[in-house]
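What follows is one structure encoded as structure tokens, with my remarks underneath.
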Amino acid sequence: MGKVAIIGAGVSGLSMANYLEKNNIDYHLYERRTPNDLKGHGFILPKEGIEHLSAIIDINDLYAKGSFLKKYIHYNQSGEILSEKDLDDVFVVSRSALIEILAKGIPSDKISYNSTVALNGFSEGKAEITLDENTILEADVVVASDGSRSRIRRTIFQDEIMKAVLENEVVNIIENEELAGKIESNFLKFHHENGGLTFGVLKLSSSKILWYCQFDITKHFINEDYTPDCIRQFMLDNFGNWNPLISSIIEGSGYENAHIWRVYELEKLNPFYHQNVVFIGDAAHPLIPFTSQGVTSALKDSFTLTQLLAEGNDLQKTFSKYEEDRKSEIEIHIKNGRALLEQFLLPLNEQPKNTLPISYK
């Protein structure tokens, strides 16, 4: 097995690097951001995700940074409970915490930050890649993990159709011990009676709460300026008169690091590889947030691809087997995510009861 170049040091890229490190496969990781650029949201990890993480990190590091969720409780906007379901080993953690944990397993000489990578074409079956516009990057395998709007994927598959999903999100974290003390470690989700508007609450620790809202973009508008004041006003306008817990969270939050998630999906999946370039995570298959399977799918991609690379077989056969092993499950999550989106858009009295906001295969 020759040198592997991993493009993108989000969860999928760092996971891939950790698996390669454990299997003694030579690699280098390239990331556009700085090490301290950890702005972002949080993740829900079902049982499978925790199991895959435990193979590459000290799982106690993860447990110290998030919490297990006991129940999913569904409310209307005023706080009336509509349904409850027990959760089986579902964990919540902030994005920044998970990135920091995964980065600990990567030697400093194997990751380059502030690095811009460009794909210029292919020659003799290999990608021609430049680093920071002037350095040629030599690699036998290129793992593209550069996110849902992957530049590498769009360069190769120029006819792909990326479409906006009818749902966007605002995601934020509030540190407030008094508020966190009022809620248990449950997944709380409040849904407006007219549909297309929700507010979710997940307790990260004794003092931190991860919260998010989801909104139908045909009914609700957030200013394109993305300023903290704009986001705060959007939240007050749309959720200020909901259950008192929600209004307290909104009013007590700072918005400098709030994340606006413009959600897109591929109309049709591309192949998961092209010549010596292979895609993992959102770069291969953007999943809409209703699935809660983005991280787990990225971990499983990384694990599967590493195991196949370690076998040392012909690269095209390796990539073909990787796609064969992963694509069917991804298609299930895509289907489930679209079904959950359709439910979200419906008035509350038309939505199926006892539906978990997590896609299971």
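By convention here, the chains of the structure tokens are called A, B, ... in the order presented, each chain's residues are numbered starting at 1, and ligands are numbered starting at 1 in the order presented.
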*Could you pull the residues within 9 Å of A:Lys208, counting only C-alpha atoms, minus those fewer than 3 positions along the same chain, as a list of chain:residue names?*
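Once the nearby chain positions are removed, what remains is A:Ile173, A:Ile174, A:Glu175, A:Asn176, A:Glu177, A:Leu179, A:Ala180, A:Leu202, A:Lys203, A:Leu204, A:Ser205.
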Find the nearest atom pair between each residue of stretch 130-218 of chain A and stretch 254-260 of chain A for residues within 6 Å, count only C-alpha atoms, give distances in Å to one decimal, sort rows by chain and ascending number, and present the table as a Markdown table.
```
| residue | atom | partner | partner_atom | distance |
| --- | --- | --- | --- | --- |
| A:Glu169 | CA | A:Ile260 | CA | 5.8 |
| A:Val170 | CA | A:Ile260 | CA | 4.6 |
| A:Val171 | CA | A:His259 | CA | 5.1 |
| A:Asn172 | CA | A:Ala258 | CA | 4.7 |
```
*Using only C-alpha atoms, which residues sit within 6 Å of A:Ile6 once same-chain residues fewer than 6 positions away are excluded, as a list in words?*
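Result of the neighbour search: Leu29, Val142 and Val143 of chain A.
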*From stretch 3-196 of chain A, collect each residue whose DSSP state is alpha helix (DSSP H) and return the set as a ChimeraX atom specification.*
/A:11-22,47-53,59-63,95-103,151-156,177-180
*Can you list every residue in stretch 104-351 of chain A that DSSP puts in strand (DSSP E or B), as a PyMOL selection string?*
chain A and resi 111-112+117-123+126-131+135-137+141-144+162-164+167-175+187-191+197-203+208-216+259-261+264-266+273-274+277-279
*Of the listed residues A:Glu167, A:Asp159, A:Asp229, A:Glu128, that which approaches A:Leu266 most closely, counting only C-alpha atoms*: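 The closest residue to A:Leu266 is A:Asp159.
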*Just the residues within 10 Å of A:Leu14, please, counting only C-alpha atoms, with nothing from its chain fewer than 5 positions along; format it as a list in words.*
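These residues fall inside the cut-off: Ile6, Ile7, Gly8, Ala9, Tyr19, Leu20, Leu29, Leu98, Ile99, Glu100, Ile101, Leu102, Ala103, Lys104, Gly105, Ile106, Ile111, Ser145, Ala298, Leu299 and Ser302 of chain A.
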Selection to disk with C-alpha atoms, as a tab-separated table (two decimals), in the first residue's frame:
```tsv
chain	number	residue	atom	x	y	z
A	6	ILE	CA	-6.63	12.65	2.92
A	7	ILE	CA	-8.28	15.92	1.90
A	8	GLY	CA	-10.31	17.47	4.71
A	9	ALA	CA	-9.90	17.09	8.47
A	19	TYR	CA	-7.91	4.02	11.17
A	20	LEU	CA	-4.91	4.27	8.85
A	29	LEU	CA	-3.96	14.80	6.11
A	98	LEU	CA	-15.27	15.23	18.82
A	99	ILE	CA	-12.80	16.92	16.44
A	100	GLU	CA	-10.37	17.55	19.31
A	101	ILE	CA	-10.61	13.92	20.47
A	102	LEU	CA	-10.01	12.54	16.98
A	103	ALA	CA	-7.12	14.94	16.34
A	104	LYS	CA	-5.29	13.62	19.43
A	105	GLY	CA	-4.62	10.36	17.59
A	106	ILE	CA	-2.83	12.02	14.66
A	111	ILE	CA	-1.46	16.79	9.35
A	145	SER	CA	-13.38	13.98	2.77
A	298	ALA	CA	-18.48	8.55	8.03
A	299	LEU	CA	-16.96	6.25	10.65
A	302	SER	CA	-13.48	5.00	7.07
```
Restrict the calculation to only C-alpha atoms, then for each residue of stretch 167-252 of chain A with any atom at most 7 Å from an atom of stretch 337-353 of chain A give the closest atom pair and their distance in Å to one decimal, rows by chain and rising residue number, as a Markdown table.
```
| residue | atom | partner | partner_atom | distance |
| --- | --- | --- | --- | --- |
| A:His192 | CA | A:Leu348 | CA | 6.9 |
| A:Glu193 | CA | A:Leu348 | CA | 4.8 |
| A:Asn194 | CA | A:Pro347 | CA | 4.4 |
| A:Gly195 | CA | A:Pro347 | CA | 4.1 |
| A:Gly196 | CA | A:Leu345 | CA | 4.3 |
| A:Asp216 | CA | A:Leu345 | CA | 6.9 |
```
*Might you pull out every residue within 7 Å of A:Ala283, with only C-alpha atoms counted and same-chain residues fewer than 5 positions away left off, and present them as a PyMOL selection string?*
chain A and resi 144-150+153
